[in-house]
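**Q** Below is a structure I'd like to ask you about.
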Amino acid sequence: MQPNSRRGPQRIAAPSRNDPFLRKFAEGIGGPMGRHAAPGMVSPGFFTVERVLVLFTIVSALLAVLVKTPCRAGGWGTPDQFYSACYSDWPELFRTRGIGDGVFPFLTEGTLFEYPVLLGLLAGATALVVPGEGGTALRSLQYFDVNALLATGAWIATVIATMRLAGRRPWDAAMVAVAPAAILSVFINWDIFAVMLATAGMLAFARNRPVAAGVLIGLGAALKLYPVLILGAVLVLALRTLRLRPAVLTFTAAAATWLAVNLPFLLRDYESWRFFLTFTAERPAGYSSIWFAWNLTVERAGGTGVGPEFINLWAYLLFALACLGIAVLALRCGRRPRLAQLVFLIVAAFVLTNKVYSPQFVLWLIPLVALARPRWLDFLIWQFFEVMHWWAIWMYLAKETSGGAAENNLDSPYYVLAVLGHVLATLYLMFRVVSDILEPDGDPVRRHGVDDPQGGPFNGAPDRWALRRRRPVSLETHAAPAKEAQ
């Protein structure tokens with residue numbers, strides 16, 4: 001019998017009992033939950049884990065709106081939107097891309113939009129429910145509110161999907177619900193919708209529904225490209241277990257879905273469709289990327305920075321090398337990694353090597369961190385540096401765009417330090433995940449006989465192929481119950 005095949009109520013992990021960091025803070029409210037308590041085995045009444053997490057997310061969404069209050073009250077004008085740290089792409093695109101004047105990306109003939117097809121359709125569709133005409137300040141505000149409301153729904157769906165992916169650790173989804181960086185960045189762009197689709201795709205895969213997983217991943221890739229990276233982790237685990245059919249079904253469904261969304265627009269107006277690709281290839285280093293920080297540092301020292309061609313080549317090469325390293329790690333380690341661990345490492349590598357790092361990209365990683373490394377101390381350390389970066393980018397943009405008083409601006413060396421902090425904090429999390437892969441006994445998820453709650457067809461599967469194995473790996477060897485941390 002597989003470790004997780006038991007039906008009926010299961011005891012769930014209590015954060016105050018099994019997380020060393022939270023256990024310390026529990027002393028002020030009566031201490032950790034007692035060892036004889038059985039959460040998940042008895043009815044909690046109205047306040048189930050899911051309902052509490054939804055409540056947490058709603059409160060966080062209200063705080064996210066509060067962050068945008070200066071712009072909602074005074075308008076999204078430069079430089080105030082940067083000094084007040086309330087910038088959002090929604091009203092900016094509504095005014096400057098003609099959306100407020102009736103332009104519907106990818107449907108209006110000859111229009112150019114620098115995002116993938118599904119995101120353009122989402123941007124145009126939400127404008128249809130805004131009353132009135134023109135890109136006025138009032139309609140820009142209403143456009144923001146409509147998208148914020150929909151984004152909150154996507155955020156709640158992401159939290160619930162993460163909770164269900166976490167198996168007997170549903171409270172780990174609280175990281176997604178209350179993450180400070182999510183509160184600050186969720187209403188910048190439409191990334192939370194891609195995060196929702198990616199997380200839902202992982203949930204479908206975990207429930208042994210590879211076709212549904214592929215459809216959701218394909219939709220996510222049609223909105224933001226990053227969900228396609230999940231397929232890399234699926235491929236590696238399929239090779240290690242030689243269970244190839246789920247991988248083939250997932251890949252095929254993802255490709256077919258992406259083509260179904262994109263092909264009509266590719267055939268209808270090729271130039272508009274390919275603008276996203278050409279814009280991405282030709283743009284210089286984006287703010288907060290390692291490439292932008294490098295150029296800023298070199299140019300301040302009197303040198304010459306690197307251009308788009310150089311960055312494109314080396315960004316792809318470094319990412320490819322990182323993926324190769326992750327694949328070798330997954331195929332050589334003593335015990336097969338969990339799916340969420342591999343997805344996190346791949347997406348984090350992409351974030352660090354990519355030529356662009358927008359503040360809202362942190363949303364891509366938050367559910368993956370909650371599933372791959374559910375330790376609150378590590379999570380909060382990483383969030384601290386992401387919040388510092390979020391503040392630094394707006395203060396730096398205020399300097400670049402406003403020409404305001406020098407004492408109100410952030411000089412480039414401090415901005416580069418903030419970018420470096422974000423990079424090092426992400427690398428730290430990657431190191432912790434790699435440590436868990438190499439020493440699976442220290443992985444907080446793999447307790448009480450748990451193998452891979454997110455693995456779906458790979459959960460509990462024996463290893464069939466690896467680059468190096470010291471001895472045969474059997475499920476029974478690793479399924480012995482481990483004592484929960486007291």
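Naming works like this for the structure tokens: A, B, ... for the chains as they're shown, residue 1 at the start of each chain, ligands 1 onward in shown order.
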List as a tab-separated table every residue of segment 243-346 of chain A that is in contact with segment 93-112 of chain A, defined as an atom at most 7 Å from one of its atoms (using only C-alpha atoms), together with the nearest atom pair and the distance in Å rounded to one decimal, sorted by chain and then rising number.
**A**
```
residue	atom	partner	partner_atom	distance
A:Phe265	CA	A:Phe106	CA	6.8
A:Ser272	CA	A:Leu112	CA	5.3
A:Phe275	CA	A:Leu112	CA	6.5
```
**Q** Residues at most 9 Å from Asn409 of chain A, counting only C-alpha atoms, excluding those fewer than 2 positions away in the same chain, as a VMD selection string?
**A** chain A and resid 83 395 to 400 403 to 407 411
**Q** Would you compute the distance between atom CA of His389 of chain A and atom CA of Ile160 of chain A? Give it in Å to one decimal.
**A**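 Distance reported for this atom pair: 27.6 Å.
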**Q** Within 6 Å of segment 183-185 of chain A, counting only C-alpha atoms, which residues show up once you throw out same-chain ones fewer than 4 positions away? Write them as a ChimeraX atom specification, please.
**A** /A:60,64,360
**Q** What's around Arg243 of chain A at 8 Å? Count only C-alpha atoms, leave out sequence neighbours fewer than 3 positions away in its own chain, and write the answer as a list of chain:residue names.
**A**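 Listed by chain and then number, they are A:Ala238, A:Leu239, A:Pro246, A:Ala247, A:Pro457, A:Phe458.
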**Q** Residues as selected, all heavy atoms, written as a CSV table (one decimal), in the first residue's frame, can you do that?
**A**
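Contents of the output file result-v1.csv:
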```csv
chain,number,residue,atom,x,y,z
A,238,ALA,N,9.6,11.9,-15.0
A,238,ALA,CA,9.2,10.8,-15.9
A,238,ALA,C,10.4,9.9,-16.3
A,238,ALA,O,10.3,8.7,-16.4
A,238,ALA,CB,8.5,11.4,-17.2
A,239,LEU,N,11.6,10.6,-16.6
A,239,LEU,CA,12.8,9.8,-16.9
A,239,LEU,C,13.2,9.0,-15.7
A,239,LEU,O,13.6,7.8,-15.9
A,239,LEU,CB,13.9,10.8,-17.3
A,239,LEU,CG,13.7,11.5,-18.7
A,239,LEU,CD1,14.8,12.5,-18.9
A,239,LEU,CD2,13.6,10.5,-19.8
A,246,PRO,N,2.2,9.8,-18.5
A,246,PRO,CA,1.6,11.0,-18.0
A,246,PRO,C,2.4,12.2,-18.5
A,246,PRO,O,1.7,13.3,-18.8
A,246,PRO,CB,1.9,10.9,-16.5
A,246,PRO,CG,2.0,9.4,-16.3
A,246,PRO,CD,2.6,8.8,-17.5
A,247,ALA,N,3.7,12.1,-18.7
A,247,ALA,CA,4.4,13.3,-19.3
A,247,ALA,C,4.0,13.5,-20.7
A,247,ALA,O,3.8,14.7,-21.1
A,247,ALA,CB,5.9,13.0,-19.2
A,457,PRO,N,1.2,10.8,-10.7
A,457,PRO,CA,1.6,9.4,-11.1
A,457,PRO,C,3.0,9.0,-10.6
A,457,PRO,O,3.4,7.9,-10.6
A,457,PRO,CB,1.5,9.5,-12.6
A,457,PRO,CG,1.6,11.0,-12.9
A,457,PRO,CD,1.0,11.7,-11.8
A,458,PHE,N,3.8,10.0,-10.2
A,458,PHE,CA,5.1,9.7,-9.7
A,458,PHE,C,5.2,9.5,-8.2
A,458,PHE,O,6.2,9.0,-7.7
A,458,PHE,CB,6.1,10.8,-10.0
A,458,PHE,CG,6.1,11.2,-11.5
A,458,PHE,CD1,6.0,12.5,-11.9
A,458,PHE,CD2,6.2,10.3,-12.5
A,458,PHE,CE1,6.0,12.9,-13.2
A,458,PHE,CE2,6.2,10.6,-13.8
A,458,PHE,CZ,6.1,11.9,-14.2
```
**Q** When DSSP works through the backbone of this structure, what residues of segment 229-424 of chain A end up as alpha helix (DSSP H), shown as a VMD selection string?
**A** chain A and resid 230 to 241 244 to 268 270 to 282 290 to 300 308 to 332 339 to 353 362 to 372 376 to 402 412 to 424
**Q** Deliver the residues from the most recent selection as a file, using C-alpha atoms, as a short mmCIF file (atom, residue, chain, number, x, y, z; two decimals), in the first residue's frame.
**A**
```cif
data_model
loop_
_atom_site.label_atom_id
_atom_site.label_comp_id
_atom_site.auth_asym_id
_atom_site.auth_seq_id
_atom_site.Cartn_x
_atom_site.Cartn_y
_atom_site.Cartn_z
CA ILE A 230 6.55 23.04 -14.97
CA LEU A 231 6.91 20.63 -17.87
CA GLY A 232 10.67 20.47 -17.31
CA ALA A 233 10.16 19.01 -13.85
CA VAL A 234 7.57 16.55 -15.19
CA LEU A 235 10.04 15.39 -17.84
CA VAL A 236 12.85 14.77 -15.33
CA LEU A 237 10.62 12.75 -13.00
CA ALA A 238 9.22 10.80 -15.94
CA LEU A 239 12.77 9.83 -16.91
CA ARG A 240 13.67 8.77 -13.39
CA THR A 241 10.56 6.62 -12.96
CA LEU A 244 6.41 8.37 -19.67
CA ARG A 245 2.71 8.28 -20.50
CA PRO A 246 1.65 11.01 -18.00
CA ALA A 247 4.43 13.25 -19.29
CA VAL A 248 3.46 12.69 -22.93
CA LEU A 249 -0.21 13.43 -22.18
CA THR A 250 0.68 16.59 -20.24
CA PHE A 251 3.06 17.86 -22.92
CA THR A 252 0.61 17.15 -25.71
CA ALA A 253 -2.34 18.80 -23.95
CA ALA A 254 -0.22 21.86 -23.07
CA ALA A 255 1.03 22.27 -26.64
CA ALA A 256 -2.43 21.76 -28.14
CA THR A 257 -4.00 24.28 -25.74
CA TRP A 258 -1.32 26.90 -26.37
CA LEU A 259 -1.74 26.45 -30.13
CA ALA A 260 -5.54 26.64 -29.87
CA VAL A 261 -5.25 30.02 -28.17
CA ASN A 262 -2.47 31.45 -30.33
CA LEU A 263 -2.96 30.00 -33.82
CA PRO A 264 -6.08 32.02 -34.75
CA PHE A 265 -4.32 35.28 -33.94
CA LEU A 266 -1.06 34.19 -35.58
CA LEU A 267 -2.94 33.52 -38.81
CA ARG A 268 -5.13 36.62 -38.56
CA TYR A 270 1.08 37.78 -37.68
CA GLU A 271 2.82 41.10 -36.98
CA SER A 272 0.63 41.84 -33.99
CA TRP A 273 1.03 38.30 -32.70
CA ARG A 274 4.83 38.26 -32.96
CA PHE A 275 5.28 41.74 -31.44
CA PHE A 276 5.57 40.21 -27.96
CA LEU A 277 8.47 38.03 -29.15
CA THR A 278 10.28 40.81 -31.01
CA PHE A 279 9.72 43.27 -28.17
CA THR A 280 11.20 40.76 -25.70
CA ALA A 281 14.19 40.02 -27.91
CA GLU A 282 15.02 43.62 -28.75
CA ILE A 290 21.17 41.00 -12.89
CA TRP A 291 21.96 42.37 -16.33
CA PHE A 292 20.55 45.81 -15.52
CA ALA A 293 22.43 45.88 -12.21
CA TRP A 294 25.63 44.93 -14.04
CA ASN A 295 25.18 47.65 -16.66
CA LEU A 296 24.38 50.22 -14.01
CA THR A 297 27.50 49.35 -12.03
CA VAL A 298 29.80 49.26 -15.06
CA GLU A 299 28.47 52.50 -16.53
CA ARG A 300 28.82 54.28 -13.19
CA PRO A 308 20.36 43.05 -25.96
CA GLU A 309 22.15 40.57 -28.24
CA PHE A 310 24.75 39.73 -25.60
CA ILE A 311 22.13 39.47 -22.87
CA ASN A 312 19.81 37.28 -24.96
CA LEU A 313 22.62 34.81 -25.68
CA TRP A 314 23.98 34.60 -22.14
CA ALA A 315 20.60 34.68 -20.40
CA TYR A 316 19.44 31.65 -22.41
CA LEU A 317 22.80 29.92 -21.98
CA LEU A 318 22.93 30.44 -18.22
CA PHE A 319 19.34 29.27 -17.85
CA ALA A 320 20.05 26.20 -19.97
CA LEU A 321 23.10 25.38 -17.84
CA ALA A 322 21.03 25.83 -14.67
CA CYS A 323 18.36 23.47 -16.01
CA LEU A 324 21.03 20.93 -16.92
CA GLY A 325 22.41 21.14 -13.40
CA ILE A 326 18.94 20.68 -11.90
CA ALA A 327 18.31 17.66 -14.14
CA VAL A 328 21.64 16.07 -13.15
CA LEU A 329 20.84 16.69 -9.49
CA ALA A 330 17.41 15.07 -9.87
CA LEU A 331 18.80 12.03 -11.69
CA ARG A 332 21.81 11.49 -9.40
CA LEU A 339 7.83 17.78 -8.16
CA ALA A 340 7.41 21.11 -6.32
CA GLN A 341 11.11 21.17 -5.44
CA LEU A 342 12.13 20.81 -9.08
CA VAL A 343 9.57 23.34 -10.34
CA PHE A 344 10.77 25.87 -7.78
CA LEU A 345 14.42 25.42 -8.76
CA ILE A 346 13.64 25.77 -12.47
CA VAL A 347 11.43 28.86 -12.08
CA ALA A 348 13.89 30.47 -9.66
CA ALA A 349 16.73 29.88 -12.13
CA PHE A 350 14.65 31.49 -14.86
CA VAL A 351 13.87 34.50 -12.65
CA LEU A 352 17.54 35.03 -11.81
CA THR A 353 18.92 34.65 -15.33
CA VAL A 362 7.82 37.34 -7.01
CA LEU A 363 4.25 36.00 -7.25
CA TRP A 364 5.52 33.19 -9.47
CA LEU A 365 7.67 31.83 -6.66
CA ILE A 366 5.49 32.23 -3.58
CA PRO A 367 3.27 29.12 -4.02
CA LEU A 368 6.31 27.12 -5.08
CA VAL A 369 8.23 28.13 -1.95
CA ALA A 370 5.23 27.14 0.20
CA LEU A 371 5.29 23.68 -1.40
CA ALA A 372 9.04 23.18 -1.85
CA TRP A 376 8.51 30.16 7.90
CA LEU A 377 11.91 31.50 8.91
CA ASP A 378 13.40 30.91 5.46
CA PHE A 379 10.24 32.27 3.86
CA LEU A 380 10.27 35.50 5.90
CA ILE A 381 13.98 36.08 5.30
CA TRP A 382 13.33 35.87 1.57
CA GLN A 383 10.24 38.07 1.83
CA PHE A 384 12.19 40.75 3.71
CA PHE A 385 14.63 41.16 0.83
CA GLU A 386 11.83 41.07 -1.74
CA VAL A 387 10.03 43.87 0.12
CA MET A 388 13.25 45.89 0.23
CA HIS A 389 13.61 45.40 -3.51
CA TRP A 390 9.98 46.42 -4.06
CA TRP A 391 10.62 49.71 -2.23
CA ALA A 392 13.96 50.31 -3.97
CA ILE A 393 12.63 49.92 -7.52
CA TRP A 394 10.02 52.65 -7.05
CA MET A 395 12.46 55.05 -5.43
CA TYR A 396 14.92 54.42 -8.25
CA LEU A 397 12.26 54.89 -10.91
CA ALA A 398 11.25 58.14 -9.23
CA LYS A 399 14.83 59.31 -9.67
CA GLU A 400 14.92 58.21 -13.31
CA THR A 401 11.58 59.73 -14.33
CA SER A 402 10.93 62.74 -12.13
CA SER A 412 21.96 53.69 -8.06
CA PRO A 413 24.45 51.97 -5.67
CA TYR A 414 21.70 51.43 -3.09
CA TYR A 415 19.33 50.21 -5.77
CA VAL A 416 21.95 47.71 -6.98
CA LEU A 417 22.35 46.51 -3.38
CA ALA A 418 18.59 45.92 -3.18
CA VAL A 419 18.71 43.89 -6.41
CA LEU A 420 21.66 41.94 -5.04
CA GLY A 421 19.69 41.26 -1.85
CA HIS A 422 16.78 39.84 -3.86
CA VAL A 423 19.17 37.65 -5.87
CA LEU A 424 21.05 36.33 -2.82
#
```
**Q** May I have the residues within 10 Å of Gln142 of chain A as a PyMOL selection string, using only C-alpha atoms and disregarding those fewer than 6 positions away in the same chain?
**A** chain A and resi 72+91+127+129-131+136+148
**Q** Can you list, as a tab-separated table (two decimals) with N, CA, C and O atoms, in the first residue's frame, every protein, DNA or RNA residue that comes within 12 Å of Cys333 of chain A when you count only C-alpha atoms, leaving out same-chain residues fewer than 2 positions away?
**A**
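Below is the file result.tsv, written as the result:
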```tsv
chain	number	residue	atom	x	y	z
A	240	ARG	N	13.16	9.52	-14.55
A	240	ARG	CA	13.67	8.77	-13.39
A	240	ARG	C	12.77	7.58	-13.07
A	240	ARG	O	13.25	6.54	-12.63
A	325	GLY	N	21.97	21.47	-14.74
A	325	GLY	CA	22.41	21.14	-13.40
A	325	GLY	C	21.29	20.59	-12.54
A	325	GLY	O	21.49	19.63	-11.77
A	326	ILE	N	20.09	21.17	-12.67
A	326	ILE	CA	18.94	20.68	-11.90
A	326	ILE	C	18.57	19.26	-12.33
A	326	ILE	O	18.25	18.40	-11.50
A	327	ALA	N	18.63	18.99	-13.64
A	327	ALA	CA	18.31	17.66	-14.14
A	327	ALA	C	19.33	16.64	-13.63
A	327	ALA	O	18.96	15.52	-13.21
A	328	VAL	N	20.60	16.99	-13.66
A	328	VAL	CA	21.64	16.07	-13.15
A	328	VAL	C	21.43	15.81	-11.67
A	328	VAL	O	21.53	14.66	-11.20
A	329	LEU	N	21.12	16.86	-10.91
A	329	LEU	CA	20.84	16.69	-9.49
A	329	LEU	C	19.68	15.72	-9.28
A	329	LEU	O	19.75	14.81	-8.44
A	330	ALA	N	18.60	15.91	-10.04
A	330	ALA	CA	17.41	15.07	-9.87
A	330	ALA	C	17.66	13.63	-10.26
A	330	ALA	O	17.05	12.72	-9.69
A	331	LEU	N	18.55	13.39	-11.21
A	331	LEU	CA	18.80	12.03	-11.69
A	331	LEU	C	19.92	11.33	-10.94
A	331	LEU	O	20.10	10.11	-11.09
A	335	ARG	N	17.44	9.89	-3.44
A	335	ARG	CA	15.99	9.73	-3.47
A	335	ARG	C	15.40	10.74	-4.44
A	335	ARG	O	15.83	11.89	-4.49
A	336	ARG	N	14.43	10.31	-5.18
A	336	ARG	CA	13.83	11.16	-6.21
A	336	ARG	C	13.27	12.44	-5.58
A	336	ARG	O	12.54	12.40	-4.60
A	337	PRO	N	13.59	13.63	-6.14
A	337	PRO	CA	13.04	14.89	-5.60
A	337	PRO	C	11.53	14.97	-5.79
A	337	PRO	O	10.94	14.28	-6.63
A	338	ARG	N	10.92	15.83	-5.01
A	338	ARG	CA	9.49	16.10	-5.18
A	338	ARG	C	9.30	17.05	-6.37
A	338	ARG	O	10.18	17.85	-6.69
A	434	VAL	N	17.86	22.49	-2.40
A	434	VAL	CA	18.85	21.49	-2.83
A	434	VAL	C	19.30	20.65	-1.63
A	434	VAL	O	19.46	19.43	-1.75
A	435	SER	N	19.48	21.28	-0.47
A	435	SER	CA	19.87	20.54	0.73
A	435	SER	C	18.81	19.50	1.10
A	435	SER	O	19.14	18.37	1.49
A	436	ASP	N	17.53	19.88	0.98
A	436	ASP	CA	16.46	18.93	1.26
A	436	ASP	C	16.45	17.78	0.27
A	436	ASP	O	16.11	16.64	0.62
A	437	ILE	N	16.80	18.07	-0.99
A	437	ILE	CA	16.85	17.00	-2.00
A	437	ILE	C	17.98	16.02	-1.68
A	437	ILE	O	17.81	14.80	-1.77
A	438	LEU	N	19.13	16.56	-1.29
A	438	LEU	CA	20.27	15.70	-0.99
A	438	LEU	C	20.12	14.97	0.34
A	438	LEU	O	20.65	13.87	0.52
A	439	GLU	N	19.42	15.59	1.29
A	439	GLU	CA	19.18	14.99	2.60
A	439	GLU	C	17.67	14.96	2.86
A	439	GLU	O	17.14	15.77	3.62
A	440	PRO	N	16.94	14.05	2.22
A	440	PRO	CA	15.47	14.06	2.30
A	440	PRO	C	14.92	13.85	3.70
A	440	PRO	O	13.77	14.20	3.96
A	463	ASP	N	12.11	3.99	-8.47
A	463	ASP	CA	13.07	4.51	-9.43
A	463	ASP	C	13.40	3.42	-10.46
A	463	ASP	O	13.66	2.27	-10.10
A	465	TRP	N	15.40	4.52	-13.43
A	465	TRP	CA	16.62	4.94	-14.13
A	465	TRP	C	17.19	6.15	-13.43
A	465	TRP	O	16.47	7.06	-13.04
A	466	ALA	N	18.50	6.14	-13.24
A	466	ALA	CA	19.20	7.27	-12.63
A	466	ALA	C	20.63	7.26	-13.15
A	466	ALA	O	21.14	6.23	-13.60
A	467	LEU	N	21.28	8.42	-13.05
A	467	LEU	CA	22.66	8.51	-13.51
A	467	LEU	C	23.61	7.78	-12.58
A	467	LEU	O	24.64	7.27	-13.01
A	468	ARG	N	23.28	7.77	-11.29
A	468	ARG	CA	24.12	7.06	-10.33
A	468	ARG	C	23.27	6.71	-9.13
A	468	ARG	O	22.56	7.54	-8.59
A	469	ARG	N	23.37	5.46	-8.72
A	469	ARG	CA	22.65	5.04	-7.52
A	469	ARG	C	23.57	4.14	-6.70
A	469	ARG	O	24.09	3.13	-7.19
A	470	ARG	N	23.76	4.49	-5.46
A	470	ARG	CA	24.64	3.71	-4.60
A	470	ARG	C	24.01	2.37	-4.25
A	470	ARG	O	24.68	1.37	-4.09
A	471	ARG	N	22.69	2.37	-4.07
A	471	ARG	CA	22.00	1.13	-3.74
A	471	ARG	C	20.56	1.29	-4.20
A	471	ARG	O	20.07	2.40	-4.38
A	473	VAL	N	16.78	1.98	-4.39
A	473	VAL	CA	15.93	2.83	-3.56
A	473	VAL	C	14.53	2.26	-3.58
A	473	VAL	O	13.92	2.13	-4.64
```
**Q** From the list A:Val176, A:Gly442, A:Asp269, A:Asn408, which residue is nearest Pro79 of chain A when using only C-alpha atoms?
**A**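 Of the candidates, the smallest distance to Pro79 of chain A is held by A:Asn408.
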**Q** One decimal, Å: what's the distance from atom CA of Cys71 of chain A over to atom CA of Cys86 of chain A, could you say?
**A**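 It comes out at 5.9 Å.
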**Q** Return the single residue from A:Val49, A:Ala221, A:Val159, A:Val211 that is closest to Val117 of chain A, with distances computed using only C-alpha atoms.
**A**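 Checking each candidate against Val117 of chain A, we get A:Ala221 as the closest.
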**Q** Kindly indicate which residue among A:Ala425, A:Val445, A:Ala200, A:Ala151 lies nearest to Ala182 of chain A, using only C-alpha atoms for the distances.
**A**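 Looking only at the distances to Ala182 of chain A, the closest residue turns out to be A:Ala151.
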**Q** Go through A:Ser358, A:Thr304, A:Thr57, A:Ser288 and flag the residue nearest Trp155 of chain A, using only C-alpha atoms for the distances.
**A**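 Comparing A:Ser358, A:Thr304, A:Thr57, A:Ser288 against Trp155 of chain A, the winner is A:Thr57.
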**Q** Can you work out the spacing between atom CA of Gly124 of chain A and atom CA of Thr69 of chain A in Å, to one decimal?
**A**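 Distance between the two atoms: 24.2 Å.
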